[in-house]
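Have a look at protein.cif; it's mmCIF, C-alpha atoms:
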```cif
data_entry
#
loop_
_atom_site.group_PDB
_atom_site.id
_atom_site.type_symbol
_atom_site.label_atom_id
_atom_site.label_comp_id
_atom_site.auth_asym_id
_atom_site.auth_seq_id
_atom_site.Cartn_x
_atom_site.Cartn_y
_atom_site.Cartn_z
ATOM 1 C CA MET A 148 -58.504 62.813 -20.111
ATOM 2 C CA THR A 149 -58.608 63.893 -16.475
ATOM 3 C CA ASP A 150 -60.701 66.706 -14.992
ATOM 4 C CA GLU A 151 -58.280 69.580 -14.254
ATOM 5 C CA ARG A 152 -60.654 71.492 -11.965
ATOM 6 C CA ASN A 153 -59.781 71.914 -8.316
ATOM 7 C CA PRO A 154 -61.683 69.680 -5.873
ATOM 8 C CA GLU A 155 -64.398 71.718 -4.142
ATOM 9 C CA GLY A 156 -62.903 73.852 -1.399
ATOM 10 C CA ALA A 157 -59.265 73.088 -2.279
ATOM 11 C CA GLY A 158 -56.587 75.746 -2.415
ATOM 12 C CA THR A 159 -54.027 76.472 -5.132
ATOM 13 C CA LEU A 160 -50.299 75.812 -5.328
ATOM 14 C CA TYR A 161 -48.433 78.687 -6.975
ATOM 15 C CA VAL A 162 -44.959 78.236 -8.475
ATOM 16 C CA VAL A 163 -43.475 81.725 -8.247
ATOM 17 C CA SER A 164 -40.325 82.943 -10.003
ATOM 18 C CA THR A 165 -38.097 85.354 -8.090
ATOM 19 C CA PRO A 166 -35.296 87.671 -9.299
ATOM 20 C CA ILE A 167 -31.948 86.107 -10.200
ATOM 21 C CA GLY A 168 -30.129 89.345 -9.471
ATOM 22 C CA ASN A 169 -31.861 92.545 -10.476
ATOM 23 C CA MET A 170 -34.742 93.138 -8.063
ATOM 24 C CA GLY A 171 -36.624 95.038 -10.741
ATOM 25 C CA ASP A 172 -37.405 91.701 -12.401
ATOM 26 C CA PHE A 173 -39.941 90.790 -9.691
ATOM 27 C CA SER A 174 -43.430 91.041 -11.200
ATOM 28 C CA PHE A 175 -46.459 92.836 -9.767
ATOM 29 C CA ARG A 176 -48.388 89.589 -10.076
ATOM 30 C CA ALA A 177 -45.769 87.708 -8.050
ATOM 31 C CA VAL A 178 -46.010 90.281 -5.239
ATOM 32 C CA GLU A 179 -49.809 90.056 -5.155
ATOM 33 C CA VAL A 180 -49.789 86.262 -5.110
ATOM 34 C CA LEU A 181 -47.231 86.082 -2.303
ATOM 35 C CA LYS A 182 -49.345 88.518 -0.285
ATOM 36 C CA SER A 183 -52.491 86.446 -0.817
ATOM 37 C CA VAL A 184 -51.323 82.904 0.025
ATOM 38 C CA ASN A 185 -51.300 81.300 3.460
ATOM 39 C CA GLN A 186 -47.597 80.460 3.387
ATOM 40 C CA VAL A 187 -44.500 80.805 1.226
ATOM 41 C CA LEU A 188 -42.340 77.697 0.877
ATOM 42 C CA ALA A 189 -38.687 78.650 0.442
ATOM 43 C CA GLU A 190 -35.290 76.990 0.103
ATOM 44 C CA ASP A 191 -33.737 79.441 2.562
ATOM 45 C CA THR A 192 -36.246 81.379 4.643
ATOM 46 C CA ARG A 193 -33.676 84.001 5.651
ATOM 47 C CA HIS A 194 -32.886 84.760 1.998
ATOM 48 C CA THR A 195 -36.555 84.821 1.023
ATOM 49 C CA ARG A 196 -37.506 86.946 4.040
ATOM 50 C CA ASN A 197 -35.266 89.707 2.682
ATOM 51 C CA LEU A 198 -37.205 89.622 -0.586
ATOM 52 C CA LEU A 199 -40.574 89.569 1.167
ATOM 53 C CA ASP A 200 -39.638 92.445 3.452
ATOM 54 C CA ARG A 201 -38.505 94.539 0.500
ATOM 55 C CA TYR A 202 -42.009 94.306 -0.986
ATOM 56 C CA GLU A 203 -43.811 94.522 2.379
ATOM 57 C CA ILE A 204 -45.110 90.973 2.106
ATOM 58 C CA LYS A 205 -46.086 89.777 5.583
ATOM 59 C CA THR A 206 -46.914 86.187 4.618
ATOM 60 C CA PRO A 207 -45.106 83.634 6.820
ATOM 61 C CA ALA A 208 -42.358 81.576 5.178
ATOM 62 C CA ALA A 209 -41.396 77.958 5.866
ATOM 63 C CA SER A 210 -38.425 75.876 4.735
ATOM 64 C CA TYR A 211 -38.942 73.513 1.820
ATOM 65 C CA HIS A 212 -35.770 72.011 0.369
ATOM 66 C CA GLU A 213 -34.247 68.754 -0.842
ATOM 67 C CA HIS A 214 -33.575 67.541 2.711
ATOM 68 C CA ASN A 215 -37.149 67.844 3.999
ATOM 69 C CA GLU A 216 -39.401 67.703 0.916
ATOM 70 C CA ALA A 217 -40.155 63.957 1.234
ATOM 71 C CA LYS A 218 -41.216 64.383 4.860
ATOM 72 C CA THR A 219 -43.216 67.604 4.505
ATOM 73 C CA THR A 220 -44.975 67.100 1.150
ATOM 74 C CA PRO A 221 -47.909 64.973 2.424
ATOM 75 C CA GLY A 222 -48.774 67.561 5.079
ATOM 76 C CA LEU A 223 -48.590 70.392 2.549
ATOM 77 C CA VAL A 224 -50.911 68.545 0.173
ATOM 78 C CA ALA A 225 -53.358 68.016 3.055
ATOM 79 C CA ARG A 226 -53.340 71.753 3.722
ATOM 80 C CA LEU A 227 -54.061 72.461 0.047
ATOM 81 C CA GLN A 228 -56.942 69.985 0.194
ATOM 82 C CA ARG A 229 -58.365 71.837 3.205
ATOM 83 C CA GLY A 230 -58.480 75.073 1.205
ATOM 84 C CA GLU A 231 -55.184 76.780 1.998
ATOM 85 C CA SER A 232 -53.137 78.231 -0.862
ATOM 86 C CA LEU A 233 -49.356 77.960 -0.891
ATOM 87 C CA ALA A 234 -46.554 79.461 -2.978
ATOM 88 C CA ILE A 235 -43.235 77.783 -3.636
ATOM 89 C CA VAL A 236 -40.164 79.887 -4.460
ATOM 90 C CA SER A 237 -36.472 79.154 -4.920
ATOM 91 C CA ASP A 238 -33.612 81.340 -3.735
ATOM 92 C CA ALA A 239 -33.428 82.847 -7.231
ATOM 93 C CA GLY A 240 -35.164 82.248 -10.526
ATOM 94 C CA THR A 241 -37.824 79.720 -11.444
ATOM 95 C CA PRO A 242 -38.466 76.849 -9.009
ATOM 96 C CA LEU A 243 -37.982 73.221 -10.134
ATOM 97 C CA LEU A 244 -35.216 74.149 -12.619
ATOM 98 C CA SER A 245 -32.277 72.570 -10.746
ATOM 99 C CA ASP A 246 -34.181 73.463 -7.558
ATOM 100 C CA PRO A 247 -36.643 71.612 -5.267
ATOM 101 C CA GLY A 248 -40.376 71.599 -5.886
ATOM 102 C CA ALA A 249 -41.112 68.828 -8.376
ATOM 103 C CA ARG A 250 -42.235 66.400 -5.656
ATOM 104 C CA LEU A 251 -44.830 68.826 -4.298
ATOM 105 C CA VAL A 252 -46.080 69.829 -7.746
ATOM 106 C CA ARG A 253 -46.512 66.191 -8.751
ATOM 107 C CA ALA A 254 -48.289 65.317 -5.487
ATOM 108 C CA ALA A 255 -50.664 68.279 -5.858
ATOM 109 C CA ILE A 256 -51.475 67.328 -9.459
ATOM 110 C CA ASP A 257 -52.142 63.732 -8.395
ATOM 111 C CA GLU A 258 -54.782 65.038 -5.979
ATOM 112 C CA GLY A 259 -56.392 67.247 -8.631
ATOM 113 C CA ILE A 260 -55.201 70.478 -7.018
ATOM 114 C CA ASP A 261 -54.581 73.465 -9.273
ATOM 115 C CA VAL A 262 -50.920 74.334 -9.861
ATOM 116 C CA VAL A 263 -50.398 77.824 -11.284
ATOM 117 C CA ALA A 264 -47.142 79.263 -12.649
ATOM 118 C CA ILE A 265 -46.224 82.873 -11.902
ATOM 119 C CA PRO A 266 -43.503 83.400 -14.542
ATOM 120 C CA GLY A 267 -40.419 85.500 -14.128
ATOM 121 C CA ALA A 268 -36.651 85.432 -14.211
ATOM 122 C CA SER A 269 -34.753 82.340 -15.362
ATOM 123 C CA ALA A 270 -30.980 82.185 -15.649
ATOM 124 C CA LEU A 271 -31.043 79.508 -18.337
ATOM 125 C CA LEU A 272 -33.460 81.420 -20.605
ATOM 126 C CA SER A 273 -31.686 84.730 -20.017
ATOM 127 C CA ALA A 274 -28.377 83.170 -21.055
ATOM 128 C CA LEU A 275 -29.890 81.381 -24.030
ATOM 129 C CA VAL A 276 -31.535 84.443 -25.581
ATOM 130 C CA VAL A 277 -28.366 86.574 -25.407
ATOM 131 C CA SER A 278 -26.027 83.780 -26.527
ATOM 132 C CA GLY A 279 -26.585 84.287 -30.243
ATOM 133 C CA LEU A 280 -26.806 80.512 -30.622
ATOM 134 C CA ASP A 281 -29.817 78.667 -32.026
ATOM 135 C CA ALA A 282 -32.647 78.847 -29.481
ATOM 136 C CA ASP A 283 -35.312 77.066 -31.541
ATOM 137 C CA ARG A 284 -34.417 73.767 -29.914
ATOM 138 C CA PHE A 285 -32.219 73.119 -26.882
ATOM 139 C CA THR A 286 -31.588 70.617 -24.100
ATOM 140 C CA PHE A 287 -31.128 71.789 -20.519
ATOM 141 C CA PHE A 288 -28.767 69.593 -18.485
ATOM 142 C CA GLY A 289 -28.882 71.463 -15.173
ATOM 143 C CA PHE A 290 -25.782 70.892 -13.040
ATOM 144 C CA LEU A 291 -23.631 67.983 -14.200
ATOM 145 C CA THR A 292 -22.594 65.570 -11.482
ATOM 146 C CA ARG A 293 -18.925 65.938 -10.572
ATOM 147 C CA THR A 294 -17.840 62.380 -11.395
ATOM 148 C CA GLY A 295 -19.156 58.960 -12.346
ATOM 149 C CA SER A 296 -21.218 57.333 -15.064
ATOM 150 C CA GLU A 297 -24.003 59.928 -14.935
ATOM 151 C CA ARG A 298 -21.531 62.698 -15.772
ATOM 152 C CA ARG A 299 -19.963 60.646 -18.577
ATOM 153 C CA ALA A 300 -23.404 59.915 -20.036
ATOM 154 C CA ALA A 301 -24.301 63.625 -20.031
ATOM 155 C CA LEU A 302 -20.994 64.556 -21.687
ATOM 156 C CA ASP A 303 -21.518 61.781 -24.250
ATOM 157 C CA GLU A 304 -24.900 63.285 -25.098
ATOM 158 C CA ILE A 305 -23.568 66.850 -25.312
ATOM 159 C CA GLU A 306 -20.698 65.638 -27.505
ATOM 160 C CA THR A 307 -23.076 64.454 -30.250
ATOM 161 C CA LEU A 308 -26.064 66.736 -29.632
ATOM 162 C CA ARG A 309 -27.376 68.260 -32.852
ATOM 163 C CA HIS A 310 -28.933 71.267 -31.165
ATOM 164 C CA THR A 311 -27.965 73.734 -28.442
ATOM 165 C CA ALA A 312 -27.032 72.528 -24.954
ATOM 166 C CA VAL A 313 -27.485 74.641 -21.820
ATOM 167 C CA LEU A 314 -26.048 73.732 -18.423
ATOM 168 C CA TYR A 315 -25.238 75.259 -15.093
ATOM 169 C CA GLU A 316 -21.715 74.917 -13.760
ATOM 170 C CA ALA A 317 -19.919 75.888 -10.576
ATOM 171 C CA PRO A 318 -17.336 78.596 -11.318
ATOM 172 C CA ASN A 319 -14.442 76.525 -9.933
ATOM 173 C CA ARG A 320 -15.290 73.653 -12.312
ATOM 174 C CA LEU A 321 -16.021 75.647 -15.476
ATOM 175 C CA ALA A 322 -12.536 75.390 -17.013
ATOM 176 C CA ALA A 323 -12.374 71.655 -16.254
ATOM 177 C CA THR A 324 -15.746 71.007 -17.920
ATOM 178 C CA LEU A 325 -14.736 73.007 -20.991
ATOM 179 C CA GLY A 326 -11.491 71.014 -21.035
ATOM 180 C CA GLU A 327 -13.384 67.719 -20.973
ATOM 181 C CA LEU A 328 -15.518 68.830 -23.915
ATOM 182 C CA GLU A 329 -12.387 69.912 -25.769
ATOM 183 C CA ARG A 330 -10.711 66.534 -25.232
ATOM 184 C CA ARG A 331 -13.823 64.849 -26.569
ATOM 185 C CA GLY A 332 -13.462 66.679 -29.875
ATOM 186 C CA SER A 333 -15.769 69.644 -29.234
ATOM 187 C CA GLY A 334 -13.057 72.305 -29.049
ATOM 188 C CA ALA A 335 -14.170 74.032 -32.252
ATOM 189 C CA ARG A 336 -17.826 74.342 -31.239
ATOM 190 C CA HIS A 337 -19.127 77.826 -30.495
ATOM 191 C CA ALA A 338 -20.059 78.411 -26.876
ATOM 192 C CA VAL A 339 -21.077 81.196 -24.514
ATOM 193 C CA VAL A 340 -20.407 81.643 -20.809
ATOM 194 C CA ALA A 341 -23.054 83.858 -19.203
ATOM 195 C CA ARG A 342 -21.959 84.885 -15.724
ATOM 196 C CA GLU A 343 -23.886 86.728 -13.001
ATOM 197 C CA MET A 344 -26.933 87.317 -15.200
ATOM 198 C CA THR A 345 -28.840 90.551 -14.386
ATOM 199 C CA LYS A 346 -26.378 91.402 -11.587
ATOM 200 C CA GLN A 347 -23.926 94.292 -11.355
ATOM 201 C CA TYR A 348 -21.013 92.316 -12.799
ATOM 202 C CA GLU A 349 -22.930 90.487 -15.526
ATOM 203 C CA GLU A 350 -20.520 89.164 -18.152
ATOM 204 C CA ILE A 351 -21.068 87.401 -21.474
ATOM 205 C CA LYS A 352 -18.053 85.675 -23.051
ATOM 206 C CA ARG A 353 -18.336 84.178 -26.526
ATOM 207 C CA GLY A 354 -15.865 81.965 -28.351
ATOM 208 C CA THR A 355 -15.087 78.368 -29.132
ATOM 209 C CA VAL A 356 -14.970 75.777 -26.376
ATOM 210 C CA SER A 357 -11.164 75.775 -26.663
ATOM 211 C CA GLU A 358 -10.907 79.569 -26.501
ATOM 212 C CA LEU A 359 -13.155 79.770 -23.456
ATOM 213 C CA ARG A 360 -11.287 76.945 -21.720
ATOM 214 C CA ALA A 361 -8.003 78.803 -22.170
ATOM 215 C CA TYR A 362 -9.512 82.091 -20.971
ATOM 216 C CA TYR A 363 -11.085 80.678 -17.814
ATOM 217 C CA GLU A 364 -7.992 78.677 -16.913
ATOM 218 C CA ASP A 365 -6.136 81.999 -16.761
ATOM 219 C CA THR A 366 -9.075 83.999 -15.386
ATOM 220 C CA PRO A 367 -11.094 81.881 -12.922
ATOM 221 C CA PRO A 368 -14.713 83.103 -12.918
ATOM 222 C CA ARG A 369 -16.844 84.091 -9.958
ATOM 223 C CA GLY A 370 -20.553 83.882 -9.298
ATOM 224 C CA GLU A 371 -23.376 82.061 -11.058
ATOM 225 C CA VAL A 372 -22.420 80.517 -14.415
ATOM 226 C CA VAL A 373 -24.537 79.324 -17.340
ATOM 227 C CA LEU A 374 -22.761 77.548 -20.194
ATOM 228 C CA VAL A 375 -24.438 77.500 -23.623
ATOM 229 C CA ILE A 376 -22.913 75.223 -26.285
ATOM 230 C CA ALA A 377 -23.758 75.175 -29.984
ATOM 231 C CA ALA A 378 -24.820 72.007 -31.768
ATOM 232 C CA ALA A 379 -22.167 69.424 -32.522
ATOM 233 C CA ILE A 380 -20.219 69.931 -35.725
ATOM 234 C CA VAL A 381 -21.270 66.959 -37.827
ATOM 235 C CA GLN A 382 -19.351 65.994 -40.928
ATOM 236 C CA GLU A 383 -21.838 64.741 -43.488
ATOM 237 C CA PRO A 384 -20.735 61.440 -45.049
ATOM 238 C CA THR A 385 -19.763 61.653 -48.709
ATOM 239 C CA ASP A 386 -21.893 60.156 -51.465
ATOM 240 C CA ASP A 387 -19.288 57.397 -51.839
ATOM 241 C CA VAL A 388 -19.696 56.395 -48.186
ATOM 242 C CA VAL A 389 -23.498 56.413 -48.459
ATOM 243 C CA GLN A 390 -23.434 54.446 -51.696
ATOM 244 C CA THR A 391 -21.040 51.861 -50.248
ATOM 245 C CA ARG A 392 -23.416 51.205 -47.361
ATOM 246 C CA VAL A 393 -26.456 51.049 -49.651
ATOM 247 C CA SER A 394 -24.591 48.612 -51.876
ATOM 248 C CA ALA A 395 -23.785 46.356 -48.915
ATOM 249 C CA LEU A 396 -27.414 46.309 -47.790
ATOM 250 C CA ARG A 397 -28.649 45.652 -51.338
ATOM 251 C CA ALA A 398 -26.169 42.756 -51.633
ATOM 252 C CA ALA A 399 -27.660 41.361 -48.397
ATOM 253 C CA GLY A 400 -31.063 41.227 -50.096
ATOM 254 C CA MET A 401 -32.706 44.517 -49.099
ATOM 255 C CA SER A 402 -34.857 46.493 -51.487
ATOM 256 C CA ALA A 403 -33.580 49.889 -52.611
ATOM 257 C CA ARG A 404 -36.200 51.623 -50.434
ATOM 258 C CA ASP A 405 -35.367 49.637 -47.279
ATOM 259 C CA ALA A 406 -31.626 50.004 -47.866
ATOM 260 C CA ALA A 407 -32.045 53.774 -48.207
ATOM 261 C CA THR A 408 -34.117 53.991 -45.016
ATOM 262 C CA MET A 409 -31.571 52.038 -42.973
ATOM 263 C CA THR A 410 -28.614 53.942 -44.414
ATOM 264 C CA ALA A 411 -30.233 57.281 -43.642
ATOM 265 C CA ALA A 412 -30.805 56.219 -40.024
ATOM 266 C CA GLU A 413 -27.287 54.806 -39.585
ATOM 267 C CA LEU A 414 -25.333 57.640 -41.198
ATOM 268 C CA GLY A 415 -27.577 60.557 -40.304
ATOM 269 C CA VAL A 416 -28.171 61.615 -43.901
ATOM 270 C CA SER A 417 -31.375 62.596 -45.629
ATOM 271 C CA ARG A 418 -33.504 59.626 -46.651
ATOM 272 C CA ARG A 419 -34.100 61.404 -49.952
ATOM 273 C CA VAL A 420 -30.349 61.501 -50.640
ATOM 274 C CA ALA A 421 -29.882 57.876 -49.627
ATOM 275 C CA TYR A 422 -32.794 56.785 -51.835
ATOM 276 C CA ARG A 423 -31.445 58.760 -54.802
ATOM 277 C CA LEU A 424 -28.092 56.994 -54.487
ATOM 278 C CA ALA A 425 -29.838 53.648 -54.061
ATOM 279 C CA GLN A 426 -31.776 54.265 -57.247
ATOM 280 C CA GLN A 427 -28.602 55.208 -59.110
ATOM 281 C CA LEU A 428 -26.998 52.010 -57.878
ATOM 282 C CA SER A 429 -30.002 49.947 -58.972
ATOM 283 C CA LYS A 430 -29.926 51.506 -62.455
ATOM 284 C CA ALA A 431 -26.199 50.857 -62.733
ATOM 285 C CA GLU A 432 -26.733 47.226 -61.701
ATOM 286 C CA SER A 433 -29.549 46.829 -64.229
ATOM 287 C CA LYS A 434 -27.466 48.294 -67.036
ATOM 288 C CA ALA A 435 -24.554 46.052 -66.111
ATOM 289 C CA GLY A 436 -26.881 43.049 -66.330
ATOM 290 C CA GLU A 437 -28.159 44.094 -69.736
ATOM 291 C CA ASP A 438 -24.622 44.558 -71.061
ATOM 292 C CA GLU A 439 -23.803 41.009 -70.048
#
```

Now, as a test, write the supplied structure out as structure tokens.
Amino acid sequence: MTDERNPEGAGTLYVVSTPIGNMGDFSFRAVEVLKSVNQVLAEDTRHTRNLLDRYEIKTPAASYHEHNEAKTTPGLVARLQRGESLAIVSDAGTPLLSDPGARLVRAAIDEGIDVVAIPGASALLSALVVSGLDADRFTFFGFLTRTGSERRAALDEIETLRHTAVLYEAPNRLAATLGELERRGSGARHAVVAREMTKQYEEIKRGTVSELRAYYEDTPPRGEVVLVIAAAIVQEPTDDVVQTRVSALRAAGMSARDAATMTAAELGVSRRVAYRLAQQLSKAESKAGEDE
């Protein structure tokens, strides 16, 4: 276990959430932190300056984005080590979630520097909690790549995912992504498109993947889009299918317990169910042997 305390004299790196639309979602704590640090690190300093000016925050802002983070991170860590405190923000929402910042956070942690979250707005969580879909467990996919093996791998995972999926999508690609999921057999799954969360034209559309694909083909969306997709619809194998597989494994020399364990893993059924059927099969085999 490592010592989480700041090195003597070191500053603190704050990860500060900013509004995703409604300016009233900016917290008092966030304002105080941004006033207290030596510098604010922002994706777009012009955008962030508007936010800072609104709350009379005079702290200087500097650019920190995917194109300069590798070059600037070592110098920023050195400043933190010298006792300066810095805050990282994204253009909207919580930094690091499909936004830059992970490199700096990791580098600060590696040097034992305190990293403190200042929570606030998040488009993915806002969409998830109003979706009506299961929020107990979910996977966040961020923005899918437009083409290639990485995109296919993500769609493969979403296709079979047994809990909720959340992803960001560009409005001009939303209908195409829904169409891909439909062609992969997910057309009947429930889904929600949350558009322009917390903004004036916020819109929540619920339906199946197929229904939403048809709607957005006819009505191209605008603005920021979050797509929430319910768990895959899984057809449980019948007892006959489970028993056939158990029987094959038993014939290959497996014990009833081992055959049940492997069948449960292969077919995605309860181990208890598989073991019950294995036991029934064993009893039937024993009775058949006695009758002979």

**Message:** When the PyMOL selection byres ((chain A and resi 165-171) around 9) is applied to the structure above, which residues does it catch, written out as a list in words?
**Reply:**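 Taken on the displayed file, the PyMOL selection byres ((chain A and resi 165-171) around 9) yields the residues Val163, Ser164, Asp172, Phe173, Ser174, Ala177, Leu198, Val236, Ser237, Asp238, Ala239, Gly240, Thr241, Pro242, Pro266, Gly267, Ala268, Ser269, Ala270, Glu343, Met344, Thr345, Lys346 and Gln347 of chain A.
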
**Prompt:** Where does the PyMOL selection byres ((chain A and resi 247) around 12) land in this file, that is, which residues does it pick, as number ranges by chain?
**Reply:** A: 162, 188-191, 210-217, 220, 235-246, 248-253

Expansion of the PyMOL selection byres ((chain A and resi 224) around 9) into residues, as an mmCIF file with C-alpha atoms, keeping the file's coordinate frame:
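Once written, selection.cif looks like this:
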```cif
data_model
loop_
_atom_site.group_PDB
_atom_site.id
_atom_site.type_symbol
_atom_site.label_atom_id
_atom_site.label_comp_id
_atom_site.auth_asym_id
_atom_site.auth_seq_id
_atom_site.Cartn_x
_atom_site.Cartn_y
_atom_site.Cartn_z
ATOM 1 C CA THR A 219 -43.216 67.604 4.505
ATOM 2 C CA THR A 220 -44.975 67.100 1.150
ATOM 3 C CA PRO A 221 -47.909 64.973 2.424
ATOM 4 C CA GLY A 222 -48.774 67.561 5.079
ATOM 5 C CA LEU A 223 -48.590 70.392 2.549
ATOM 6 C CA ALA A 225 -53.358 68.016 3.055
ATOM 7 C CA ARG A 226 -53.340 71.753 3.722
ATOM 8 C CA LEU A 227 -54.061 72.461 0.047
ATOM 9 C CA GLN A 228 -56.942 69.985 0.194
ATOM 10 C CA ARG A 229 -58.365 71.837 3.205
ATOM 11 C CA LEU A 251 -44.830 68.826 -4.298
ATOM 12 C CA ALA A 254 -48.289 65.317 -5.487
ATOM 13 C CA ALA A 255 -50.664 68.279 -5.858
ATOM 14 C CA GLU A 258 -54.782 65.038 -5.979
ATOM 15 C CA ILE A 260 -55.201 70.478 -7.018
#
```

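For the set A:Leu359, A:Leu280, A:Leu428, A:Leu291, the residue with the smallest atom-to-atom gap to Ile376 (chain A) is A:Leu280, counting only C-alpha atoms.
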
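Atom to atom, CA of Glu306 (chain A) and CA of Pro384 (chain A) stand 18.0 Å apart.
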
**Prompt:** What is the CA of Lys205 (chain A) to CA of Asp261 (chain A) distance in Å?
**Reply:**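 Atom-to-atom, CA of Lys205 (chain A) to CA of Asp261 (chain A), that is 23.6 Å.
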
**Asked** Glu383 (chain A): which residues within 9 Å, counting all atoms listed in the file, same-chain residues fewer than 5 positions away excluded, as a ChimeraX atom specification?
**Response** /A:414-416

Just C-alpha atoms for this one: save the residues we selected as a CSV table (one decimal), keeping the file's coordinate frame.
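The resulting result.csv:
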```
chain,number,residue,atom,x,y,z
A,414,LEU,CA,-25.3,57.6,-41.2
A,415,GLY,CA,-27.6,60.6,-40.3
A,416,VAL,CA,-28.2,61.6,-43.9
```

**Message:** Just checking: using only C-alpha atoms, which residue out of A:Lys430, A:Arg404, A:Leu325, A:Thr292 ends up closest to Arg418 (chain A)?
**Reply:**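 Residue with the minimum atom-to-atom distance to Arg418 (chain A): A:Arg404.
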
**Request:** Report the distance between CA of Pro368 (chain A) and CA of Ser278 (chain A) in Å, rounded to one decimal place.
**Result:** 17.7 Å

**Item:** Neighbours of point (-25.0, 61.0, -47.4) within 10 Å, using only C-alpha atoms, written as a PyMOL selection string
**Value:** chain A and resi 382-390+392+410-411+414-422+424
